[in-house]
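Here the structure is laid out as structure tokens; the discussion comes afterwards.
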Amino acid sequence: MNLRFAVLSLILTASPVVAQWELGALGGYGFRRDLTVSGPAGQATVGFRPGTVWGFAGGLNEYGYLAGEARYLYEDGEIRLRSGGTETRFASRAHLVHFDFLVHSARSGSRVRPFLVIGGGVKVYEGTGPDRAVQPLSRFVGLTRTRDTKPLMTPGGGVKFQVSRHVSLRGEFRDYITPRPEKVLAPAAGVTMKGWVHDFVPMIGVMGTF
Amino acid sequence: MKALAGLLLLSTAAAAANFGTVVVTGGQPSDLALDERRGLLYIANFTGNRIDVMSTSDNRLGNAIRVPGQPNSLALSADGRYLVVAHYRNFAPPCTPQLSELTVLDLDGNVRQSVALTAGTHPLTVAFGNSPRAFVVTTSGLMLLDPAAATLAPVPAPPQILGGNLSLPFASFPPQVLKASSTVSGDGDSIHVLAEVAPTAQPKPPTPETPPPPTGIGSPTGPCTVQSVAPSNVAVILRYDVRTGTASGVSVQSEPPLGPRVISTDASGSMVMAGWGLLDQDFVLRAQLPRANGAFALGGHAYDFSRGLIYANVPPPGPTGTGAQAGQADGTAVRETAVLHVMDADNLTVRERLQLAENLGGKSVFSRDMQTLYAVSESGVTVLPVGTLDQQRRLRASVEDVLFPANACDRSAIIREITITDASGQRTDFTLRLPANARGIRTAPSAASTPARVRIEVDPTAFQQQKGTAEVPVEIVSAGAVNLHPPVRLLINTREPEQKGRILNVPGKLVDILADPVRDRLYVIRQDRNELLVFDGTTFERIATLRTGNTPTQMALTRDNRYMMVGNDNSQYANVYDLETLQPSQPITFPLGLYPRSIAAVNGAIWATARAASPPHRLLRIDFARRVATAPDVLGVFANDINVDSVLAASPSGRYMFLAMPDGTVVLYDSDFDAFSNGRKDATALGGAYSVLDDDAFVVGSYVLNRSLVPRARLQGGDGSGLSSAGGFGLRVSSTGAAGPGIVERMDLNTFGMIGPRQTIEAPMVAQTLRTPAVGQIGQTILPFTRTLAPLSNGRNIVVRSVSGLTVLPWDFQAGTATPMVSGIVNMADFTDAVAPGAIVSISGSSLADDTAAASEAPLPTSLADVCLSVNNIAVPLFSVAPNEIRAQLPNGVAGSAQMVVRTSGGTSSAFAFNVLPSAPAIFRTGTAGEESGLPLVYRAANEELVTFTNPVRVNDVLVIYGTGIGATSPEVTAGFAAPRDTIVRAVNELKVTLGGVPVRVDFAGLAPGAIGVYQLNVAIPPAVPEGREVPLTITAGTYSTTINVRVVKP
């Protein structure tokens, strides 16, 4: 319920007076960079394994070169914690909601429109694995069944192809950057976890324009 | 103690319901035939001159079949058509001779034929196998009867079989005069015959034309005289192969004669129980009934091959009739009612004793479905529903022994519980009986119905003068149960702190002990169950129970320590066990009539003493590779004639074997020269402990002999019970009386002087104590020489075979023990000094114990490894003791300022003052999760796992917390006892629990069921608790509280 409300709020906030609306779906595959963990017991890496990303977006083109767009994405994946030859995994997923500003290199109505994008929003990490008293490598990080909401920043770029009057295709590449979700990836006492979570996602999408 | 046992046995008479139904026939039955097609049992009434006919549906007698005189045996053909009746009329001169005959009754055609036998030929027994012809054993040989044609044909090569002469003294029974008995195997392919033969009898060829004896037929010779029914001690066991028509057998000379006159076999005829002996297909005596008396008047047995059992009624010798007075081998009078022993068919171990209404008297026959056994008995026939034995009322006690370990800290009453049940699940009344002279023992209830828990309370002050272990048998009797339950043995130990060792209760008659020199193991022979018990030398857990032959007496290891050999006094086999696999290996076969008792292995030779059925008793050499033993005619220059109670021991080097006899004779075998180098007799009698300490110290009783067997020293203190050597010293243990302490001491191997004697917790076994008559078994064999001492190869303990089973002594039992000192007390949960009544505590200090020991069962003992502890003069139950720590449970009745005192063999500590709070809750830190340990014992009910960083507390969780020190409970549970599982025990003091400062609902606070001193709290986590990695969980009782931190995660 809260997520749905947030999406609507972003879309409403970004609505222009005169607009060419776009609405469509996107999908891709995310590659996430591991975090480095160090503590008295040594070093480990923890992160999210690559997984599918899908969602939908809506926005409008305005002033010819600029556009605004709101987006919801769902990420599937597992958390992976590794040290030495030991590895443990924990089921997880994430929800992303963000608003983007797009700058195109061609005017609205062009057949091919490369663009750069910068956006922001929130990413909700969810650990969904089971609670267990014994979890391998818990001396580094406790992988926890809980929810952790983090602010999100997402730069990227791509290109749109107008294949007909009302249909366009797009391909894009994004980096979703968030702080560490330390409720889900709870570092053990005395353990230091460094870095930001980078989620590199190539996506393609189909948009309807009207 | 012997008097107690005697009283017990006397009171056993008629203490149970009777198993089976007696059908009174009148007259004296001699044989049975079961006609299942017609639902009838035919009973040959030898003196009544008739065949009684009993309906098997209601056990009522119908119209008898009138037959010619003296019907002694009968058999029914396999198709149920022909009933063959033998008539035995062997009247001896000067009686008028009479011809014997066979009557053939065609039951389908209602036709009767008579087959006359030649003069001097008298039928002893008849049987039908899988053949239309009946097998007939007569005084002149074996014959086959064609019942259709009423013709006889001889069977080749019969022996001369005896038949008793008529006329008889009045108190005579058919088995005494009919000197043969037969049985048919379950498959009908073989018929076995047990028959008496003359001592000089030789087989003779079949001679149907054999002329009649000189007395002639019809020659009047005058009035009859009474004939003797004295049996011969020579018998033959014949096997007639029905398929081939050939007979084979073995002649057996036995002492006593091979009674009762019954033979029974298994399904294939490969095992045969003949008289008191169980023989295999090679006629090797697998086992025999101990204390066999060879009586023929009464008794019987039957081989239940469907259940692997043998049912035997073996009345003791004496006047005929129920309840005969008999004498045991050791002179103890035993009054024994008619009892059916239910025995294992492989070694005749008595599993159970059932009360019969009267003694059996010879033949018996099973129904085809093996559900019912019909047996000739004193009044006629006893019908035994063996197939429904599981549904018969039979009492069972939960334990064989109950140990009451009193100690110097605690002279208050000791309470133990036992459970009495009925194996059939029925409610059966029973009564517990204590010996009339028993004092200081109460049972509650003393009479009840099964199932029942019986509380036994012992006042140690009634026994405290003994300083050892008193044995008191508690008899369990019932008018409703058919079994005679052996008594439960109460073992009441009243040691002083300075007495060494701890008791490991091992029930039964333990007759030998041996430590494995290369494995951390201990071997013990339990004679009353025919078992070799194997114990782990560190944990003392029983790791194997190996079946032996009947009446195992002594054991020995092979020189390579790979095999264990066990001599059995009532078997022709000595058992062999592979100690690597703990499995039986091929046994050693001894010659017929020789029973192995004591075995010793030296370099290149293994010798055994053997009891001979016909003396002289012998020394036999064992060929271990072939697993046979042979008796040399001579032992070097000496005759091979030894005392039956002789014993053997090998020297540690394996060079010498030492033979000691009760009459004072000692013999030495030198394996280096394969010679019996010495034989002397310097003492008039020998007994007690025996051992070879080294190649020049042969010890028996108090005599130390050199390798010429010349006495070189006398040991102080008598014969002793056990001898051994360890660590360059000799060891000896001796008894001060059955209920007193034992004495263990080291021995200087040069001077043979005793060093540093110490009292043990109870007396070691001596022959006199062991000779207390066995109850529940038929007999026993107790040698006058004893081996009761076993230093373990792990170098940590010395084990003594003692009154309660085993006594475990520390290796350095003489080590000077300093006075104990207590330096602190903390609870065992969070190790703070806050303690409350009933709390589990750790007491630190020095010299708190000589050894490390832990309690193995509930309730906890108040004395452990020579250590006892009191708080305000109340004995404290002990979990474990060690030199620097004692773990115990505080008594319920202490509060406020308290004084603690520890007593050990080193003395009594100074009083240690400490404070006992009414309630001091503490959570155990004994949880482990993966690599983490020391975790608080807090569980999430949702997944029943410990709360950890990765299993955090969640809203709406139910947490189960284990701790100690919560204080008084309702109902109160005595310290040292486990909390009941069927009653909720709640804490009396109010407890408050908070998580992150938020009150948490306490659903339950009380004792954890089944645990000792462990409290359990069940709490429900409300939604309002804060989230965090280190959220304080606090338990408060009164002014005292304890806190741990837990991780709380939302949602």
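Identifiers for the structure tokens are assigned positionally: chains receive A, B, ... in sequence, residues are indexed from 1 per chain, and ligands are indexed from 1 in the order shown.
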Excluding Ser598 of chain B and residues on its chain fewer than 4 positions from it, collect all residues at most 10 Å away from it, counting only C-alpha atoms, and give them as a CSV table (one decimal) with N, CA and C atoms, in the first residue's frame.
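Generated output (out-v9.csv):
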chain,number,residue,atom,x,y,z
B,552,PRO,N,28.6,-70.3,32.6
B,552,PRO,CA,30.0,-69.9,32.3
B,552,PRO,C,30.7,-69.7,33.7
B,553,THR,N,32.0,-70.1,33.8
B,553,THR,CA,32.7,-70.1,35.1
B,553,THR,C,33.9,-69.2,35.0
B,554,GLN,N,34.7,-69.3,34.0
B,554,GLN,CA,35.9,-68.5,34.0
B,554,GLN,C,36.3,-68.2,32.5
B,555,MET,N,37.1,-67.2,32.3
B,555,MET,CA,37.5,-66.8,31.0
B,555,MET,C,39.0,-66.6,30.8
B,556,ALA,N,39.5,-66.5,29.6
B,556,ALA,CA,40.9,-66.3,29.4
B,556,ALA,C,41.0,-65.7,28.0
B,565,MET,N,38.1,-66.6,25.4
B,565,MET,CA,37.6,-68.0,25.6
B,565,MET,C,36.9,-68.1,26.9
B,566,VAL,N,35.7,-68.7,26.9
B,566,VAL,CA,34.9,-68.8,28.2
B,566,VAL,C,34.6,-70.3,28.4
B,567,GLY,N,34.9,-70.8,29.6
B,567,GLY,CA,34.6,-72.2,29.9
B,567,GLY,C,33.2,-72.2,30.5
B,568,ASN,N,32.4,-73.3,30.1
B,568,ASN,CA,31.0,-73.4,30.6
B,568,ASN,C,30.9,-74.7,31.3
B,569,ASP,N,30.4,-74.7,32.6
B,569,ASP,CA,30.4,-75.9,33.4
B,569,ASP,C,29.2,-76.9,32.9
B,574,ALA,N,33.5,-74.7,24.9
B,574,ALA,CA,34.0,-73.4,25.4
B,574,ALA,C,33.8,-72.4,24.4
B,607,TRP,N,45.4,-74.4,27.9
B,607,TRP,CA,45.0,-75.5,28.7
B,607,TRP,C,43.7,-75.2,29.4
B,608,ALA,N,42.9,-76.2,29.7
B,608,ALA,CA,41.6,-76.0,30.4
B,608,ALA,C,41.4,-77.1,31.4
B,609,THR,N,40.8,-76.7,32.5
B,609,THR,CA,40.4,-77.8,33.4
B,609,THR,C,39.0,-78.2,33.0
B,610,ALA,N,38.6,-79.4,33.2
B,610,ALA,CA,37.3,-79.9,32.8
B,610,ALA,C,36.7,-80.8,33.9
B,611,ARG,N,35.5,-80.5,34.2
B,611,ARG,CA,34.7,-81.4,35.1
B,611,ARG,C,34.3,-82.6,34.2
B,619,LEU,N,42.7,-82.3,32.9
B,619,LEU,CA,43.3,-81.1,32.3
B,619,LEU,C,43.4,-81.4,30.8
B,645,ASP,N,37.4,-78.5,41.2
B,645,ASP,CA,37.3,-77.1,41.4
B,645,ASP,C,38.7,-76.4,41.2
B,646,SER,N,39.5,-77.1,40.4
B,646,SER,CA,40.9,-76.5,40.1
B,646,SER,C,40.7,-75.2,39.3
B,647,VAL,N,41.8,-74.4,39.3
B,647,VAL,CA,41.7,-73.2,38.6
B,647,VAL,C,43.1,-73.0,37.9
B,648,LEU,N,43.1,-72.3,36.8
B,648,LEU,CA,44.4,-72.1,36.0
B,648,LEU,C,44.7,-70.6,36.0
B,649,ALA,N,45.9,-70.3,35.9
B,649,ALA,CA,46.4,-68.9,35.7
B,649,ALA,C,47.7,-68.9,34.9
B,659,LEU,N,48.5,-74.2,38.1
B,659,LEU,CA,47.2,-74.9,38.4
B,659,LEU,C,47.1,-75.0,39.9
B,783,LEU,N,33.3,-71.6,41.9
B,783,LEU,CA,34.7,-72.1,42.2
B,783,LEU,C,35.1,-71.6,43.6
Tell me, as a CSV table (one decimal) with C-alpha atoms, in the first residue's frame, which residues lie within 7 Å of Ala875 of chain B, counting only C-alpha atoms; anything in the same chain fewer than 3 positions away does not count.
chain,number,residue,atom,x,y,z
B,409,CYS,CA,26.7,-36.5,55.0
B,410,ASP,CA,23.3,-38.0,54.8
B,862,THR,CA,24.4,-37.4,47.7
B,869,LEU,CA,28.6,-32.2,50.6
B,870,SER,CA,26.3,-30.7,53.1
B,871,VAL,CA,24.7,-27.2,53.4
Contacts between chain B and chain A, please, where a residue of chain A counts if it comes within 9 Å (with only C-alpha atoms); show its shortest atom pair and distance in Å to one decimal, rows by chain and ascending number, as JSON lines.
{"residue": "A:Pro130", "atom": "CA", "partner": "B:Asn951", "partner_atom": "CA", "distance": 8.7}
{"residue": "A:Asp131", "atom": "CA", "partner": "B:Asn951", "partner_atom": "CA", "distance": 5.0}
{"residue": "A:Arg132", "atom": "CA", "partner": "B:Asn951", "partner_atom": "CA", "distance": 5.1}
{"residue": "A:Ala133", "atom": "CA", "partner": "B:Asn951", "partner_atom": "CA", "distance": 4.8}
{"residue": "A:Val134", "atom": "CA", "partner": "B:Ala929", "partner_atom": "CA", "distance": 5.2}
{"residue": "A:Gln135", "atom": "CA", "partner": "B:Thr950", "partner_atom": "CA", "distance": 6.6}
{"residue": "A:Pro136", "atom": "CA", "partner": "B:Gly930", "partner_atom": "CA", "distance": 7.7}
{"residue": "A:Ser138", "atom": "CA", "partner": "B:Thr950", "partner_atom": "CA", "distance": 7.2}
{"residue": "A:Arg139", "atom": "CA", "partner": "B:Glu931", "partner_atom": "CA", "distance": 8.9}
{"residue": "A:Val141", "atom": "CA", "partner": "B:Thr950", "partner_atom": "CA", "distance": 8.8}
{"residue": "A:Gly142", "atom": "CA", "partner": "B:Thr950", "partner_atom": "CA", "distance": 5.2}
{"residue": "A:Leu143", "atom": "CA", "partner": "B:Thr950", "partner_atom": "CA", "distance": 6.6}
{"residue": "A:Thr144", "atom": "CA", "partner": "B:Thr950", "partner_atom": "CA", "distance": 6.2}
{"residue": "A:Arg145", "atom": "CA", "partner": "B:Val1049", "partner_atom": "CA", "distance": 8.6}
{"residue": "A:Thr146", "atom": "CA", "partner": "B:Pro1051", "partner_atom": "CA", "distance": 6.2}
{"residue": "A:Arg147", "atom": "CA", "partner": "B:Pro1051", "partner_atom": "CA", "distance": 7.4}
{"residue": "A:Lys183", "atom": "CA", "partner": "B:Val1049", "partner_atom": "CA", "distance": 8.4}
{"residue": "A:Ala186", "atom": "CA", "partner": "B:Phe949", "partner_atom": "CA", "distance": 8.8}
{"residue": "A:Ala188", "atom": "CA", "partner": "B:Phe949", "partner_atom": "CA", "distance": 8.0}
Residues as selected, N, CA and C atoms, written as a PDB file, in the first residue's frame, can you do that?
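Output contents, as saved in result.pdb:
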ATOM      1  N   PRO A 130      15.021 -18.060   5.743  1.00  0.00           N
ATOM      2  CA  PRO A 130      14.520 -18.468   7.064  1.00  0.00           C
ATOM      3  C   PRO A 130      15.450 -18.003   8.187  1.00  0.00           C
ATOM      4  N   ASP A 131      14.840 -17.788   9.352  1.00  0.00           N
ATOM      5  CA  ASP A 131      15.649 -17.537  10.551  1.00  0.00           C
ATOM      6  C   ASP A 131      16.318 -18.827  10.971  1.00  0.00           C
ATOM      7  N   ARG A 132      17.587 -18.776  11.212  1.00  0.00           N
ATOM      8  CA  ARG A 132      18.308 -19.958  11.703  1.00  0.00           C
ATOM      9  C   ARG A 132      19.289 -19.522  12.791  1.00  0.00           C
ATOM     10  N   ALA A 133      19.323 -20.298  13.847  1.00  0.00           N
ATOM     11  CA  ALA A 133      20.271 -19.973  14.914  1.00  0.00           C
ATOM     12  C   ALA A 133      21.703 -20.081  14.429  1.00  0.00           C
ATOM     13  N   VAL A 134      21.915 -21.024  13.539  1.00  0.00           N
ATOM     14  CA  VAL A 134      23.262 -21.229  13.004  1.00  0.00           C
ATOM     15  C   VAL A 134      23.252 -20.808  11.540  1.00  0.00           C
ATOM     16  N   GLN A 135      24.083 -19.830  11.211  1.00  0.00           N
ATOM     17  CA  GLN A 135      24.207 -19.391   9.823  1.00  0.00           C
ATOM     18  C   GLN A 135      25.700 -19.305   9.525  1.00  0.00           C
ATOM     19  N   PRO A 136      26.145 -20.013   8.528  1.00  0.00           N
ATOM     20  CA  PRO A 136      27.582 -19.968   8.235  1.00  0.00           C
ATOM     21  C   PRO A 136      28.051 -18.517   8.011  1.00  0.00           C
ATOM     22  N   SER A 138      28.308 -16.196  10.009  1.00  0.00           N
ATOM     23  CA  SER A 138      27.600 -15.147  10.745  1.00  0.00           C
ATOM     24  C   SER A 138      28.565 -14.327  11.600  1.00  0.00           C
ATOM     25  N   ARG A 139      29.798 -14.767  11.690  1.00  0.00           N
ATOM     26  CA  ARG A 139      30.771 -13.951  12.411  1.00  0.00           C
ATOM     27  C   ARG A 139      31.110 -12.682  11.619  1.00  0.00           C
ATOM     28  N   VAL A 141      28.594 -11.348   8.870  1.00  0.00           N
ATOM     29  CA  VAL A 141      27.324 -10.673   8.601  1.00  0.00           C
ATOM     30  C   VAL A 141      26.178 -11.626   8.938  1.00  0.00           C
ATOM     31  N   GLY A 142      25.192 -11.103   9.617  1.00  0.00           N
ATOM     32  CA  GLY A 142      23.979 -11.875   9.845  1.00  0.00           C
ATOM     33  C   GLY A 142      22.958 -11.543   8.777  1.00  0.00           C
ATOM     34  N   LEU A 143      22.643 -12.515   7.982  1.00  0.00           N
ATOM     35  CA  LEU A 143      21.674 -12.306   6.911  1.00  0.00           C
ATOM     36  C   LEU A 143      20.287 -12.480   7.522  1.00  0.00           C
ATOM     37  N   THR A 144      19.482 -11.432   7.465  1.00  0.00           N
ATOM     38  CA  THR A 144      18.312 -11.378   8.323  1.00  0.00           C
ATOM     39  C   THR A 144      17.035 -11.256   7.501  1.00  0.00           C
ATOM     40  N   ARG A 145      16.036 -11.980   7.984  1.00  0.00           N
ATOM     41  CA  ARG A 145      14.717 -11.884   7.352  1.00  0.00           C
ATOM     42  C   ARG A 145      14.041 -10.606   7.866  1.00  0.00           C
ATOM     43  N   THR A 146      14.215  -9.528   7.087  1.00  0.00           N
ATOM     44  CA  THR A 146      13.618  -8.242   7.474  1.00  0.00           C
ATOM     45  C   THR A 146      13.601  -7.315   6.256  1.00  0.00           C
ATOM     46  N   ARG A 147      13.122  -6.119   6.464  1.00  0.00           N
ATOM     47  CA  ARG A 147      12.999  -5.152   5.366  1.00  0.00           C
ATOM     48  C   ARG A 147      13.837  -3.928   5.703  1.00  0.00           C
ATOM     49  N   LYS A 183      20.232  -3.598   7.942  1.00  0.00           N
ATOM     50  CA  LYS A 183      19.313  -4.458   8.705  1.00  0.00           C
ATOM     51  C   LYS A 183      19.283  -5.853   8.093  1.00  0.00           C
ATOM     52  N   ALA A 186      23.268  -7.519   8.319  1.00  0.00           N
ATOM     53  CA  ALA A 186      23.658  -6.972   9.617  1.00  0.00           C
ATOM     54  C   ALA A 186      25.088  -7.382   9.940  1.00  0.00           C
ATOM     55  N   ALA A 188      28.276  -8.239  11.974  1.00  0.00           N
ATOM     56  CA  ALA A 188      28.469  -8.733  13.330  1.00  0.00           C
ATOM     57  C   ALA A 188      29.256  -7.708  14.128  1.00  0.00           C
TER      58      ALA A 188
END
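The environment of Val84 of chain B within 9 Å, counting only C-alpha atoms and disregarding residues fewer than 2 places along the same chain, consists of Ser73, Leu74, Ala75, Leu76, Ser77, Tyr82, Ala86, Leu102, Thr103, Val104, Leu105, Asp106, Val126, Ala127, Ala134 and Pro147 of chain B.
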C-alpha atoms of the current selection, written as a PDB file, in the first residue's frame:
ATOM      1  CA  SER B  73       2.709 -96.087  24.898  1.00  0.00           C
ATOM      2  CA  LEU B  74       0.584 -95.037  21.990  1.00  0.00           C
ATOM      3  CA  ALA B  75       0.955 -93.308  18.648  1.00  0.00           C
ATOM      4  CA  LEU B  76      -1.443 -92.009  16.030  1.00  0.00           C
ATOM      5  CA  SER B  77      -0.672 -92.401  12.347  1.00  0.00           C
ATOM      6  CA  TYR B  82      -4.573 -95.862  13.223  1.00  0.00           C
ATOM      7  CA  ALA B  86       1.713-100.859  23.270  1.00  0.00           C
ATOM      8  CA  LEU B 102       0.404-104.187  20.414  1.00  0.00           C
ATOM      9  CA  THR B 103      -3.160-103.146  19.807  1.00  0.00           C
ATOM     10  CA  VAL B 104      -3.999-101.443  16.511  1.00  0.00           C
ATOM     11  CA  LEU B 105      -7.209 -99.439  16.563  1.00  0.00           C
ATOM     12  CA  ASP B 106      -8.576 -98.482  13.147  1.00  0.00           C
ATOM     13  CA  VAL B 126       5.872 -96.379  19.726  1.00  0.00           C
ATOM     14  CA  ALA B 127       5.890 -93.430  17.318  1.00  0.00           C
ATOM     15  CA  ALA B 134       4.893 -97.166  13.243  1.00  0.00           C
ATOM     16  CA  PRO B 147      -0.862-101.092  11.160  1.00  0.00           C
TER      17      PRO B 147
END
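The shortest atom-to-atom distance to Ala481 of chain B, with only C-alpha atoms taken into account, belongs to B:Phe430 out of B:Tyr1040, B:Tyr690, B:Phe831, B:Phe430.
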Exercise. Go through A:Ala44, A:Ala57, A:Leu102, A:Leu152 and flag the residue nearest Thr86 of chain A, using only C-alpha atoms for the distances.
Key: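 Counting only C-alpha atoms, the residue closest to Thr86 of chain A is A:Ala44.
For the set A:Ala106, A:Leu185, A:Arg180, A:Phe31, the residue with the smallest atom-to-atom gap to Phe90 of chain A is A:Leu185, counting only C-alpha atoms.
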Quiz item: Any idea what's packed within 8 Å of Asp304 of chain B, counting only C-alpha atoms, ignoring anything in its chain fewer than 5 positions away? Could you give it as number ranges by chain?
Solution: B: 266, 309-311, 370
Practice problem: Would you return as a ChimeraX atom specification the members of segment 568-800 of chain B that DSSP assigns to strand (DSSP E) on this structure's backbone? | Solution: /B:568,573-578,583-589,594-602,605-612,618-623,628-630,634-635,638-639,647-650,656-660,665-670,675-681,688-694,697-700,703-705,711-714,722-726,729-735,742-747,754-760,785-786,789-791,797-800
Please produce, as a tab-separated table, a per-residue contact table for segment 104-127 of chain A versus segment 163-176 of chain A (criterion: any atom at most 10 Å away, only C-alpha atoms considered), showing the nearest atom pair and its distance in Å to one decimal, sorted by chain then residue number.
residue	atom	partner	partner_atom	distance
A:Gly109	CA	A:Arg165	CA	8.9
A:Arg111	CA	A:Val163	CA	7.3
A:Val112	CA	A:Val163	CA	9.2
A:Arg113	CA	A:Arg170	CA	9.1
A:Pro114	CA	A:Arg170	CA	9.2
A:Phe115	CA	A:Glu172	CA	8.8
A:Leu116	CA	A:Glu172	CA	9.1
A:Val117	CA	A:Arg174	CA	8.6
A:Ile118	CA	A:Arg174	CA	9.1
A:Gly119	CA	A:Tyr176	CA	9.2
A:Gly120	CA	A:Tyr176	CA	9.0
A:Gly121	CA	A:Tyr176	CA	9.9
A:Val122	CA	A:Tyr176	CA	10.0
A:Lys123	CA	A:Tyr176	CA	8.9
Env of Val835 of chain B: 7 Å cut, atoms = only C-alpha atoms, seq-sep filter 2 positions within chain, self excluded. Answer as a PDB file with C-alpha atoms, in the first residue's frame.
ATOM      1  CA  VAL B 826      28.376 -19.596  41.920  1.00  0.00           C
ATOM      2  CA  ASN B 827      25.241 -20.577  40.128  1.00  0.00           C
ATOM      3  CA  ASP B 833      27.398 -15.732  43.275  1.00  0.00           C
ATOM      4  CA  ALA B 839      19.678 -23.807  42.243  1.00  0.00           C
ATOM      5  CA  VAL B 916      21.147 -17.968  49.805  1.00  0.00           C
ATOM      6  CA  LEU B 917      18.608 -15.582  48.282  1.00  0.00           C
ATOM      7  CA  ALA B 920      18.004 -15.472  42.155  1.00  0.00           C
ATOM      8  CA  GLY B 965      17.606 -20.091  40.918  1.00  0.00           C
TER       9      GLY B 965
END
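Proximity to Leu60 of chain A was assessed for A:Thr128, A:Ser38, A:Gln43, A:Gln20 counting only C-alpha atoms; the smallest distance is recorded for A:Gln20.
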Exercise. Find the spatial neighbours of Val386 of chain B, counting only C-alpha atoms, within a cut-off of 7 Å - ignore same-chain residues fewer than 4 positions away - and output them as a list in words.
Key: Gln371, Thr372 and Leu373 of chain B
Produce a file of the selected residues containing C-alpha atoms, as a PDB file, in the first residue's frame.
ATOM      1  CA  GLN B 371      -0.434 -73.137  20.738  1.00  0.00           C
ATOM      2  CA  THR B 372      -1.189 -75.834  23.307  1.00  0.00           C
ATOM      3  CA  LEU B 373       1.035 -78.304  25.079  1.00  0.00           C
TER       4      LEU B 373
END
